[in-house]
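As provided, input-v4.pdb (PDB, C-alpha atoms and all ligand atoms) reads as follows.
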MODEL        1
ATOM      1  CA  MET A 242      70.245 138.686 110.533
ATOM      2  CA  LYS A 243      72.267 136.686 108.056
ATOM      3  CA  ASP A 244      75.996 136.631 107.671
ATOM      4  CA  GLY A 245      76.530 136.983 103.915
ATOM      5  CA  MET A 246      79.703 134.947 104.032
ATOM      6  CA  ARG A 247      78.046 131.966 105.605
ATOM      7  CA  THR A 248      76.090 129.426 103.639
ATOM      8  CA  GLU A 249      72.593 128.753 104.866
ATOM      9  CA  ASP A 250      72.159 125.819 107.209
ATOM     10  CA  ARG A 251      70.592 123.019 105.268
ATOM     11  CA  PRO A 252      67.932 121.020 107.087
ATOM     12  CA  THR A 253      67.719 117.246 106.993
ATOM     13  CA  ALA A 254      64.303 115.806 106.132
ATOM     14  CA  GLU A 255      63.167 113.281 108.730
ATOM     15  CA  VAL A 256      62.118 110.103 106.926
ATOM     16  CA  LEU A 257      60.775 106.908 108.482
ATOM     17  CA  VAL A 258      62.176 104.075 106.374
ATOM     18  CA  PRO A 259      60.603 100.599 106.284
ATOM     19  CA  SER A 260      63.065  97.891 107.321
ATOM     20  CA  TRP A 261      62.593  96.193 103.949
ATOM     21  CA  ALA A 262      63.722  99.366 102.155
ATOM     22  CA  ASP A 263      66.714 100.060 104.359
ATOM     23  CA  GLY A 264      70.343  99.010 104.243
ATOM     24  CA  THR A 265      71.335  96.299 101.827
ATOM     25  CA  ARG A 266      67.900  96.255 100.191
ATOM     26  CA  ARG A 267      68.699  99.681  98.866
ATOM     27  CA  GLU A 268      71.344  98.043  96.713
ATOM     28  CA  ARG A 269      68.485  96.364  94.929
ATOM     29  CA  GLY A 270      67.426  99.769  93.754
ATOM     30  CA  LEU A 271      64.597 100.916  95.981
ATOM     31  CA  VAL A 272      63.826 104.121  97.825
ATOM     32  CA  ALA A 273      60.857 104.345 100.178
ATOM     33  CA  GLY A 274      59.829 106.276 103.242
ATOM     34  CA  PHE A 275      57.347 108.356 105.162
ATOM     35  CA  CYS A 276      58.314 111.964 105.814
ATOM     36  CA  THR A 277      57.450 113.515 109.148
ATOM     37  CA  ARG A 278      57.062 117.312 109.458
ATOM     38  CA  ARG A 279      60.621 117.721 110.719
ATOM     39  CA  GLY A 280      63.487 119.099 108.689
ATOM     40  CA  GLY A 281      62.410 121.390 105.869
ATOM     41  CA  TYR A 282      61.882 124.988 104.847
ATOM     42  CA  GLY A 283      58.230 125.596 105.784
ATOM     43  CA  THR A 284      57.363 128.047 108.526
ATOM     44  CA  GLY A 285      54.455 128.630 110.898
ATOM     45  CA  ARG A 286      51.635 126.139 110.362
ATOM     46  CA  PHE A 287      53.662 124.655 107.503
ATOM     47  CA  ALA A 288      56.769 124.030 109.588
ATOM     48  CA  GLU A 289      58.743 122.368 108.447
ATOM     49  CA  LEU A 290      58.540 119.586 105.873
ATOM     50  CA  ASN A 291      55.273 120.491 104.141
ATOM     51  CA  PHE A 292      54.495 119.029 100.705
ATOM     52  CA  SER A 293      50.923 120.268 100.298
ATOM     53  CA  ARG A 294      50.046 122.811  97.646
ATOM     54  CA  ARG A 295      46.443 122.845  98.736
ATOM     55  CA  TRP A 296      46.873 126.039 100.681
ATOM     56  CA  PRO A 297      49.290 128.847  99.852
ATOM     57  CA  ASP A 298      52.512 128.371 101.764
ATOM     58  CA  PRO A 299      53.760 131.889 102.455
ATOM     59  CA  ALA A 300      57.361 130.743 102.557
ATOM     60  CA  GLY A 301      57.054 129.058  99.144
ATOM     61  CA  ALA A 302      58.760 126.106 100.707
ATOM     62  CA  VAL A 303      57.143 123.146  98.946
ATOM     63  CA  ASP A 304      59.445 123.227  95.921
ATOM     64  CA  ARG A 305      62.459 123.530  98.187
ATOM     65  CA  ASN A 306      61.239 120.626 100.315
ATOM     66  CA  VAL A 307      60.804 118.421  97.240
ATOM     67  CA  ALA A 308      64.315 119.320  96.071
ATOM     68  CA  LEU A 309      65.713 118.690  99.553
ATOM     69  CA  LEU A 310      64.113 115.251  99.790
ATOM     70  CA  ALA A 311      65.060 114.219  96.251
ATOM     71  CA  ASP A 312      68.656 115.192  96.838
ATOM     72  CA  GLN A 313      68.838 113.548 100.255
ATOM     73  CA  VAL A 314      67.165 110.284  99.260
ATOM     74  CA  GLY A 315      68.577 110.161  95.750
ATOM     75  CA  PHE A 316      65.869 110.420  93.129
ATOM     76  CA  ASP A 317      65.080 112.713  90.215
ATOM     77  CA  LEU A 318      62.554 115.292  91.424
ATOM     78  CA  SER A 319      61.188 115.729  87.892
ATOM     79  CA  GLN A 320      60.146 112.056  88.020
ATOM     80  CA  MET A 321      58.103 112.228  91.215
ATOM     81  CA  PHE A 322      54.396 111.504  90.731
ATOM     82  CA  THR A 323      51.561 112.624  92.960
ATOM     83  CA  ALA A 324      47.876 112.469  92.118
ATOM     84  CA  ARG A 325      44.891 114.664  92.848
ATOM     85  CA  GLN A 326      43.604 112.593  95.751
ATOM     86  CA  VAL A 327      39.831 112.254  95.939
ATOM     87  CA  HIS A 328      39.199 109.718  98.762
ATOM     88  CA  GLY A 329      38.130 107.062  96.279
ATOM     89  CA  GLY A 330      39.132 103.509  95.490
ATOM     90  CA  THR A 331      40.862 103.844  92.122
ATOM     91  CA  GLY A 332      44.378 104.594  90.976
ATOM     92  CA  LEU A 333      46.699 105.186  88.046
ATOM     93  CA  ALA A 334      49.857 103.709  86.564
ATOM     94  CA  CYS A 335      52.755 106.083  85.990
ATOM     95  CA  ASP A 336      54.894 104.085  83.533
ATOM     96  CA  GLY A 337      55.734 106.147  80.480
ATOM     97  CA  ARG A 338      53.566 109.011  81.617
ATOM     98  CA  ASP A 339      54.119 112.653  82.404
ATOM     99  CA  PRO A 340      53.927 113.713  86.086
ATOM    100  CA  GLU A 341      51.794 116.741  85.205
ATOM    101  CA  VAL A 342      49.265 114.634  83.319
ATOM    102  CA  VAL A 343      49.002 112.088  86.125
ATOM    103  CA  GLY A 344      48.860 114.869  88.710
ATOM    104  CA  ALA A 345      45.810 116.396  87.089
ATOM    105  CA  GLN A 346      43.771 113.212  87.390
ATOM    106  CA  GLY A 347      41.852 112.009  90.400
ATOM    107  CA  ALA A 348      43.441 108.920  91.956
ATOM    108  CA  ASP A 349      44.132 107.481  95.383
ATOM    109  CA  PHE A 350      46.913 105.112  94.513
ATOM    110  CA  LEU A 351      49.755 105.243  92.045
ATOM    111  CA  VAL A 352      51.633 102.215  90.745
ATOM    112  CA  CYS A 353      54.848 102.013  88.753
ATOM    113  CA  GLY A 354      57.224  99.397  87.408
ATOM    114  CA  GLU A 355      59.605 101.734  85.664
ATOM    115  CA  PRO A 356      62.958 102.441  87.361
ATOM    116  CA  GLY A 357      63.807 106.092  87.955
ATOM    117  CA  ARG A 358      60.263 107.094  88.886
ATOM    118  CA  VAL A 359      58.917 107.741  92.364
ATOM    119  CA  VAL A 360      55.232 107.539  93.276
ATOM    120  CA  ALA A 361      53.982 109.452  96.300
ATOM    121  CA  VAL A 362      50.894 110.291  98.311
ATOM    122  CA  ILE A 363      50.258 113.319 100.500
ATOM    123  CA  THR A 364      48.520 112.932 103.846
ATOM    124  CA  ALA A 365      47.832 114.466 107.232
ATOM    125  CA  ASP A 366      45.726 111.960 109.257
ATOM    126  CA  CYS A 367      44.808 109.648 106.367
ATOM    127  CA  ILE A 368      47.009 106.563 106.288
ATOM    128  CA  PRO A 369      49.739 106.190 103.671
ATOM    129  CA  VAL A 370      50.563 102.637 102.555
ATOM    130  CA  LEU A 371      53.590 101.650 100.473
ATOM    131  CA  LEU A 372      53.870  98.357  98.561
ATOM    132  CA  TRP A 373      56.801  96.628  96.841
ATOM    133  CA  ASP A 374      57.289  93.378  94.997
ATOM    134  CA  PRO A 375      61.054  92.755  94.863
ATOM    135  CA  ASP A 376      60.791  90.106  92.141
ATOM    136  CA  ALA A 377      58.205  91.618  89.812
ATOM    137  CA  ARG A 378      59.902  94.966  90.526
ATOM    138  CA  CYS A 379      56.926  97.216  90.975
ATOM    139  CA  VAL A 380      55.725  99.633  93.632
ATOM    140  CA  ALA A 381      52.582 101.392  94.812
ATOM    141  CA  ALA A 382      51.785 104.338  97.049
ATOM    142  CA  VAL A 383      48.268 104.340  98.507
ATOM    143  CA  HIS A 384      46.234 107.107 100.163
ATOM    144  CA  ALA A 385      43.920 105.327 102.603
ATOM    145  CA  GLY A 386      41.531 107.511 104.534
ATOM    146  CA  TRP A 387      38.307 106.112 105.925
ATOM    147  CA  ARG A 388      36.471 106.608 102.642
ATOM    148  CA  GLY A 389      39.265 104.989 100.666
ATOM    149  CA  ILE A 390      39.395 102.039 103.045
ATOM    150  CA  MET A 391      35.647 101.590 102.559
ATOM    151  CA  ALA A 392      36.160 101.815  98.775
ATOM    152  CA  ASP A 393      38.767  98.992  98.886
ATOM    153  CA  VAL A 394      41.566 101.291  97.772
ATOM    154  CA  ILE A 395      44.201  98.997  99.303
ATOM    155  CA  GLN A 396      42.877  95.799  97.706
ATOM    156  CA  ASN A 397      42.528  97.625  94.393
ATOM    157  CA  ALA A 398      46.156  98.779  94.509
ATOM    158  CA  VAL A 399      47.338  95.208  95.136
ATOM    159  CA  SER A 400      45.143  93.933  92.279
ATOM    160  CA  GLU A 401      46.664  96.503  89.958
ATOM    161  CA  LEU A 402      50.191  95.363  90.853
ATOM    162  CA  VAL A 403      49.173  91.749  90.238
ATOM    163  CA  THR A 404      47.440  92.291  86.906
ATOM    164  CA  ARG A 405      49.728  94.933  85.455
ATOM    165  CA  TYR A 406      53.158  93.684  86.594
ATOM    166  CA  GLN A 407      52.533  90.038  87.516
ATOM    167  CA  ALA A 408      53.249  90.806  91.144
ATOM    168  CA  ARG A 409      52.326  88.167  93.706
ATOM    169  CA  ALA A 410      50.353  89.395  96.692
ATOM    170  CA  ASP A 411      52.020  86.953  99.106
ATOM    171  CA  ARG A 412      55.412  88.261  98.028
ATOM    172  CA  LEU A 413      54.593  91.950  98.508
ATOM    173  CA  PHE A 414      56.182  93.961 101.275
ATOM    174  CA  ALA A 415      53.964  96.642 102.811
ATOM    175  CA  ALA A 416      54.577  99.574 105.109
ATOM    176  CA  VAL A 417      51.775 101.425 106.860
ATOM    177  CA  GLY A 418      52.726 104.977 107.784
ATOM    178  CA  PRO A 419      51.637 107.567 110.325
ATOM    179  CA  GLY A 420      47.951 108.461 110.471
ATOM    180  CA  ILE A 421      45.243 109.349 112.941
ATOM    181  CA  ASP A 422      44.644 106.578 115.481
ATOM    182  CA  ALA A 423      41.603 105.547 117.489
ATOM    183  CA  CYS A 424      42.605 107.852 120.349
ATOM    184  CA  CYS A 425      41.748 110.870 118.180
ATOM    185  CA  PHE A 426      39.556 109.721 115.289
ATOM    186  CA  GLU A 427      36.156 110.731 116.569
ATOM    187  CA  VAL A 428      33.366 110.141 114.057
ATOM    188  CA  GLY A 429      29.611 110.280 113.714
ATOM    189  CA  SER A 430      27.614 107.178 114.541
ATOM    190  CA  ASP A 431      26.903 106.632 110.823
ATOM    191  CA  VAL A 432      30.605 106.191 110.048
ATOM    192  CA  ALA A 433      31.152 104.093 113.174
ATOM    193  CA  ASP A 434      28.261 101.824 112.192
ATOM    194  CA  ARG A 435      29.648 101.296 108.711
ATOM    195  CA  PHE A 436      33.036 100.312 110.128
ATOM    196  CA  ALA A 437      31.485  97.982 112.687
ATOM    197  CA  VAL A 438      29.475  96.230 109.981
ATOM    198  CA  ARG A 439      32.426  95.939 107.613
ATOM    199  CA  PHE A 440      35.290  95.216 110.032
ATOM    200  CA  GLY A 441      33.619  94.068 113.256
ATOM    201  CA  PRO A 442      32.561  95.882 116.434
ATOM    202  CA  ASP A 443      36.073  95.947 117.919
ATOM    203  CA  VAL A 444      37.217  98.698 115.537
ATOM    204  CA  VAL A 445      34.765 101.106 117.177
ATOM    205  CA  VAL A 446      35.951 102.498 120.501
ATOM    206  CA  THR A 447      33.325 103.998 122.760
ATOM    207  CA  MET A 448      34.221 106.638 125.327
ATOM    208  CA  PRO A 449      31.809 107.944 127.978
ATOM    209  CA  GLY A 450      30.164 111.205 126.918
ATOM    210  CA  ARG A 451      31.960 111.218 123.569
ATOM    211  CA  ASN A 452      31.134 110.320 120.010
ATOM    212  CA  PRO A 453      32.485 106.956 118.903
ATOM    213  CA  HIS A 454      36.117 106.666 117.836
ATOM    214  CA  VAL A 455      37.233 104.411 115.001
ATOM    215  CA  ASP A 456      40.471 102.463 114.717
ATOM    216  CA  LEU A 457      41.579 102.710 111.067
ATOM    217  CA  PHE A 458      44.770 100.685 111.459
ATOM    218  CA  THR A 459      43.017  97.384 112.094
ATOM    219  CA  PRO A 460      40.915  97.791 108.926
ATOM    220  CA  VAL A 461      44.092  98.601 106.963
ATOM    221  CA  ALA A 462      45.627  95.341 108.228
ATOM    222  CA  VAL A 463      42.415  93.478 107.343
ATOM    223  CA  CYS A 464      42.445  94.954 103.827
ATOM    224  CA  LEU A 465      46.078  93.909 103.320
ATOM    225  CA  ASP A 466      45.212  90.425 104.558
ATOM    226  CA  GLU A 467      42.168  90.232 102.269
ATOM    227  CA  ALA A 468      44.399  91.293  99.381
ATOM    228  CA  GLY A 469      46.604  88.289 100.086
ATOM    229  CA  LEU A 470      49.597  89.807 101.839
ATOM    230  CA  SER A 471      51.509  87.871 104.450
ATOM    231  CA  ALA A 472      51.288  89.555 107.892
ATOM    232  CA  ASP A 473      55.002  89.090 108.517
ATOM    233  CA  ARG A 474      55.725  91.310 105.512
ATOM    234  CA  VAL A 475      53.585  94.169 106.797
ATOM    235  CA  GLU A 476      55.228  96.808 108.950
ATOM    236  CA  ARG A 477      53.794  99.863 110.716
ATOM    237  CA  LEU A 478      55.806 103.041 111.207
ATOM    238  CA  GLY A 479      55.068 106.261 113.067
ATOM    239  CA  GLU A 480      52.535 107.271 115.668
ATOM    240  CA  CYS A 481      49.133 108.960 115.780
ATOM    241  CA  THR A 482      49.453 112.163 113.750
ATOM    242  CA  CYS A 483      46.925 114.017 115.905
ATOM    243  CA  CYS A 484      48.703 113.220 119.201
ATOM    244  CA  HIS A 485      52.164 114.359 118.131
ATOM    245  CA  PRO A 486      52.169 117.995 116.951
ATOM    246  CA  ASP A 487      55.942 118.161 117.225
ATOM    247  CA  ARG A 488      56.343 115.420 114.664
ATOM    248  CA  PHE A 489      53.261 115.305 112.441
ATOM    249  CA  PHE A 490      50.757 117.546 110.719
ATOM    250  CA  SER A 491      47.122 116.794 111.545
ATOM    251  CA  TYR A 492      44.067 118.167 109.824
ATOM    252  CA  ARG A 493      41.857 116.927 112.668
ATOM    253  CA  ARG A 494      43.955 118.757 115.234
ATOM    254  CA  ASP A 495      44.768 121.989 113.394
ATOM    255  CA  GLY A 496      42.053 122.392 110.740
ATOM    256  CA  VAL A 497      42.386 124.000 107.329
ATOM    257  CA  GLY A 498      45.556 125.644 106.137
ATOM    258  CA  ILE A 499      48.019 123.122 107.508
ATOM    259  CA  GLY A 500      50.924 121.220 106.075
ATOM    260  CA  GLN A 501      50.842 117.633 104.837
ATOM    261  CA  HIS A 502      53.396 114.838 104.717
ATOM    262  CA  LEU A 503      54.826 113.048 101.701
ATOM    263  CA  SER A 504      55.142 109.265 101.570
ATOM    264  CA  PHE A 505      57.100 107.916  98.618
ATOM    265  CA  ILE A 506      58.402 104.770  96.956
ATOM    266  CA  GLY A 507      60.288 104.166  93.749
ATOM    267  CA  LEU A 508      62.596 101.837  91.888
ATOM    268  CA  LEU A 509      65.964 103.325  91.115
ATOM    269  CA  GLU A 510      67.811 102.796  87.874
ATOM    270  CA  VAL A 511      69.742  99.582  88.353
ATOM    271  CA  VAL A 512      73.422 100.179  87.768
ATOM    272  CA  HIS A 513      74.445  96.543  88.111
ATOM    273  CA  ARG A 514      72.826  93.334  89.225
TER     274      ARG A 514
HETATM  275 ZN    ZN B   1      45.865 110.258 118.875
ENDMDL
END

As structure tokens, how would this structure be written, given the file I've shared?
Ligand SMILES: [Zn+2]
Amino acid sequence: MKDGMRTEDRPTAEVLVPSWADGTRRERGLVAGFCTRRGGYGTGRFAELNFSRRWPDPAGAVDRNVALLADQVGFDLSQMFTARQVHGGTGLACDGRDPEVVGAQGADFLVCGEPGRVVAVITADCIPVLLWDPDARCVAAVHAGWRGIMADVIQNAVSELVTRYQARADRLFAAVGPGIDACCFEVGSDVADRFAVRFGPDVVVTMPGRNPHVDLFTPVAVCLDEAGLSADRVERLGECTCCHPDRFFSYRRDGVGIGQHLSFIGLLEVVHR
């Protein structure tokens, strides 16, 4: 029962913020973070901070969650870009484009060099990766599941930043967000074999009486290294999505009809320099 005189309690979206996007760096005009599932308007299997429109959310909470996050973090929600993610290796640039047009196209990374725009990916188990070049002033959000990793989605995103905005790979900051870890990512032997061939046998974890498990985080680090990033500029945030139902959505754990997280990065309009 609601007291009509009382305003509704407003949740606070839980956001994991890379150290390079926090504090004084923010004065340089950057917002970036990985949302957990905590602090939003979703209910039931979508509780709380769901951003997925893939399944009907009975509470209609996605729009309210976007508005909540935009207001809390400080960006224009009409300038947030997400793509139709297809587990591939290609991406799109958002400069001068319309969010609805970009959102209708298949892409697994989004890049942008235009202040006032935020690029985002939506995940639950797949690994979100955020990239920023502070000097070339450009950003990328990458959706890296096992298929995307195999399709070089991370290297392709870095290449796009380099060619389009004259970014330098060794100057990029990267943050690797929450995703499913080797403890829970059980796969068929075909997938395990492909990862062993591509990234070495150590990324496949064998457990007695179980199918092989694959560590996706080591391949993500390898891809960032192959793309030319410096390891001391790469940061990992969050835990295994599948192991932490209180904090993260997980498709592997809960199946269809679940919520998904938003991971975002954008340059703000620079007021002064
Ligand atoms: Zn786990």

* Counting only C-alpha atoms and all ligand atoms, which protein, DNA or RNA residues come within 6 Å of ligand ZN 1 (chain B), given as a ChimeraX atom specification? -> /A:422,424-425,481,483-484

* Pick from A:Asp349, A:Asp376, A:Glu355, A:Glu476: nearest to Ala415 in chain A, with only C-alpha atoms counted? ->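 Selected residue with least distance to Ala415 in chain A: A:Glu476.
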
* To do: Show which residues sit within 9 Å of range 295-297 of chain A, as a list in words. Count all atoms listed in the file, and ignore same-chain residues fewer than 6 positions away.
  =>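 Near range 295-297 of chain A, the qualifying residues are Val497, Gly498, Ile499 and Gly500 of chain A.
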
* In terms of the shortest atom-to-atom distance over all atoms listed in the file, which of A:Asp495, A:Asp298, A:Asp411, A:Asp431 is closest to Val475 in chain A? ->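 Going through A:Asp495, A:Asp298, A:Asp411, A:Asp431 one by one, the smallest distance to Val475 in chain A is for A:Asp411.
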
* Given the file above and the PyMOL selection byres (((chain A and resi 503) around 10) and not hetatm), which residues are selected, and can you give them as a list of chain:residue names? ->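 Going through the file, the PyMOL selection byres (((chain A and resi 503) around 10) and not hetatm) ends up selecting A:Val256, A:Gly274, A:Phe275, A:Cys276, A:Thr277, A:Arg278, A:Leu290, A:Asn291, A:Phe292, A:Ser293, A:Val307, A:Leu310, A:Thr323, A:Ala361, A:Val362, A:Ile363, A:Thr364, A:Ala365, A:Pro369, A:Gln501, A:His502, A:Ser504, A:Phe505.
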
* Specify as a count of residues only each residue included when the PyMOL selection byres (((chain A and resi 305) around 12) and not hetatm) is applied to this file. => 25

* **Length of the CA of Arg451 in chain A to CA of Pro486 in chain A vector [Å]** =>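 Between CA of Arg451 in chain A and CA of Pro486 in chain A the gap works out to 22.3 Å.
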
* With all atoms listed in the file as the atoms that count, which of A:Leu478, A:Val428, A:Leu372, A:Ala437 lies nearest to His454 in chain A? ->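 When distances to His454 in chain A are compared using all atoms listed in the file, the smallest one comes from A:Val428.
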
Extending 8 Å beyond the listed atoms of range 383-386 of chain A on each side, what axis-aligned box results? I want centre and edge lengths in Å to one decimal, as JSON.
{"center_x": 44.9, "center_y": 105.9, "center_z": 101.5, "size_x": 22.7, "size_y": 19.2, "size_z": 22.0}

* Selection result for the PyMOL selection byres (((chain A and resi 434) around 12) and not hetatm) on this file, as number ranges by chain -> A: 428-433, 435-447, 452-455

* Asked: In terms of the shortest atom-to-atom distance over all atoms listed in the file, which of A:Ala468, A:Ala416, A:Leu271, A:Val258 is closest to Val394 in chain A?
  ->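 Using all atoms listed in the file, Val394 in chain A sits closest to A:Ala468.
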
* To do: Return the single residue from A:Cys353, A:Ala392, A:Leu465, A:Ala262 that is closest to Arg405 in chain A, with distances computed using all atoms listed in the file.
  =>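 Going through A:Cys353, A:Ala392, A:Leu465, A:Ala262 one by one, the smallest distance to Arg405 in chain A is for A:Cys353.
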
* To do: May I have the residues within 10 Å of Gly469 in chain A as a ChimeraX atom specification, using all atoms listed in the file and disregarding those fewer than 5 positions away in the same chain?
  => /A:396,399-400,409-413,463-464

Rebuild range 291-309 of chain A so that it carries N, CA and C atoms, then output the result as a PDB file, keeping the file's coordinate frame.
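Final output, rebuild-v4.pdb:
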ATOM      1  N   ASN A 291      56.591 120.537 104.787  1.00  0.00           N
ATOM      2  CA  ASN A 291      55.273 120.491 104.141  1.00  0.00           C
ATOM      3  C   ASN A 291      55.395 120.217 102.640  1.00  0.00           C
ATOM      4  N   PHE A 292      54.516 119.326 102.133  1.00  0.00           N
ATOM      5  CA  PHE A 292      54.495 119.029 100.705  1.00  0.00           C
ATOM      6  C   PHE A 292      53.153 119.370 100.067  1.00  0.00           C
ATOM      7  N   SER A 293      52.250 119.971 100.819  1.00  0.00           N
ATOM      8  CA  SER A 293      50.923 120.268 100.298  1.00  0.00           C
ATOM      9  C   SER A 293      50.902 121.598  99.562  1.00  0.00           C
ATOM     10  N   ARG A 294      50.264 121.559  98.367  1.00  0.00           N
ATOM     11  CA  ARG A 294      50.046 122.811  97.646  1.00  0.00           C
ATOM     12  C   ARG A 294      48.586 123.235  97.727  1.00  0.00           C
ATOM     13  N   ARG A 295      47.870 122.591  98.631  1.00  0.00           N
ATOM     14  CA  ARG A 295      46.443 122.845  98.736  1.00  0.00           C
ATOM     15  C   ARG A 295      46.145 124.235  99.266  1.00  0.00           C
ATOM     16  N   TRP A 296      47.008 124.693 100.169  1.00  0.00           N
ATOM     17  CA  TRP A 296      46.873 126.039 100.681  1.00  0.00           C
ATOM     18  C   TRP A 296      48.160 126.781 100.391  1.00  0.00           C
ATOM     19  N   PRO A 297      48.067 128.093 100.148  1.00  0.00           N
ATOM     20  CA  PRO A 297      49.290 128.847  99.852  1.00  0.00           C
ATOM     21  C   PRO A 297      50.254 128.784 101.038  1.00  0.00           C
ATOM     22  N   ASP A 298      51.475 128.396 100.744  1.00  0.00           N
ATOM     23  CA  ASP A 298      52.512 128.371 101.764  1.00  0.00           C
ATOM     24  C   ASP A 298      53.301 129.668 101.640  1.00  0.00           C
ATOM     25  N   PRO A 299      53.156 130.562 102.604  1.00  0.00           N
ATOM     26  CA  PRO A 299      53.760 131.889 102.455  1.00  0.00           C
ATOM     27  C   PRO A 299      55.267 131.842 102.235  1.00  0.00           C
ATOM     28  N   ALA A 300      55.910 130.822 102.739  1.00  0.00           N
ATOM     29  CA  ALA A 300      57.361 130.743 102.557  1.00  0.00           C
ATOM     30  C   ALA A 300      57.740 130.133 101.217  1.00  0.00           C
ATOM     31  N   GLY A 301      56.746 129.670 100.441  1.00  0.00           N
ATOM     32  CA  GLY A 301      57.054 129.058  99.144  1.00  0.00           C
ATOM     33  C   GLY A 301      57.978 127.863  99.283  1.00  0.00           C
ATOM     34  N   ALA A 302      57.770 127.110 100.337  1.00  0.00           N
ATOM     35  CA  ALA A 302      58.760 126.106 100.707  1.00  0.00           C
ATOM     36  C   ALA A 302      58.563 124.745 100.061  1.00  0.00           C
ATOM     37  N   VAL A 303      57.414 124.508  99.428  1.00  0.00           N
ATOM     38  CA  VAL A 303      57.143 123.146  98.946  1.00  0.00           C
ATOM     39  C   VAL A 303      58.176 122.713  97.904  1.00  0.00           C
ATOM     40  N   ASP A 304      58.460 123.586  96.943  1.00  0.00           N
ATOM     41  CA  ASP A 304      59.445 123.227  95.921  1.00  0.00           C
ATOM     42  C   ASP A 304      60.808 122.938  96.546  1.00  0.00           C
ATOM     43  N   ARG A 305      61.156 123.735  97.530  1.00  0.00           N
ATOM     44  CA  ARG A 305      62.459 123.530  98.187  1.00  0.00           C
ATOM     45  C   ARG A 305      62.454 122.233  98.980  1.00  0.00           C
ATOM     46  N   ASN A 306      61.317 121.885  99.564  1.00  0.00           N
ATOM     47  CA  ASN A 306      61.239 120.626 100.315  1.00  0.00           C
ATOM     48  C   ASN A 306      61.341 119.415  99.386  1.00  0.00           C
ATOM     49  N   VAL A 307      60.699 119.512  98.214  1.00  0.00           N
ATOM     50  CA  VAL A 307      60.804 118.421  97.240  1.00  0.00           C
ATOM     51  C   VAL A 307      62.262 118.260  96.805  1.00  0.00           C
ATOM     52  N   ALA A 308      62.918 119.372  96.515  1.00  0.00           N
ATOM     53  CA  ALA A 308      64.315 119.320  96.071  1.00  0.00           C
ATOM     54  C   ALA A 308      65.216 118.757  97.177  1.00  0.00           C
ATOM     55  N   LEU A 309      64.939 119.175  98.404  1.00  0.00           N
ATOM     56  CA  LEU A 309      65.713 118.690  99.553  1.00  0.00           C
ATOM     57  C   LEU A 309      65.591 117.175  99.691  1.00  0.00           C
TER      58      LEU A 309
END
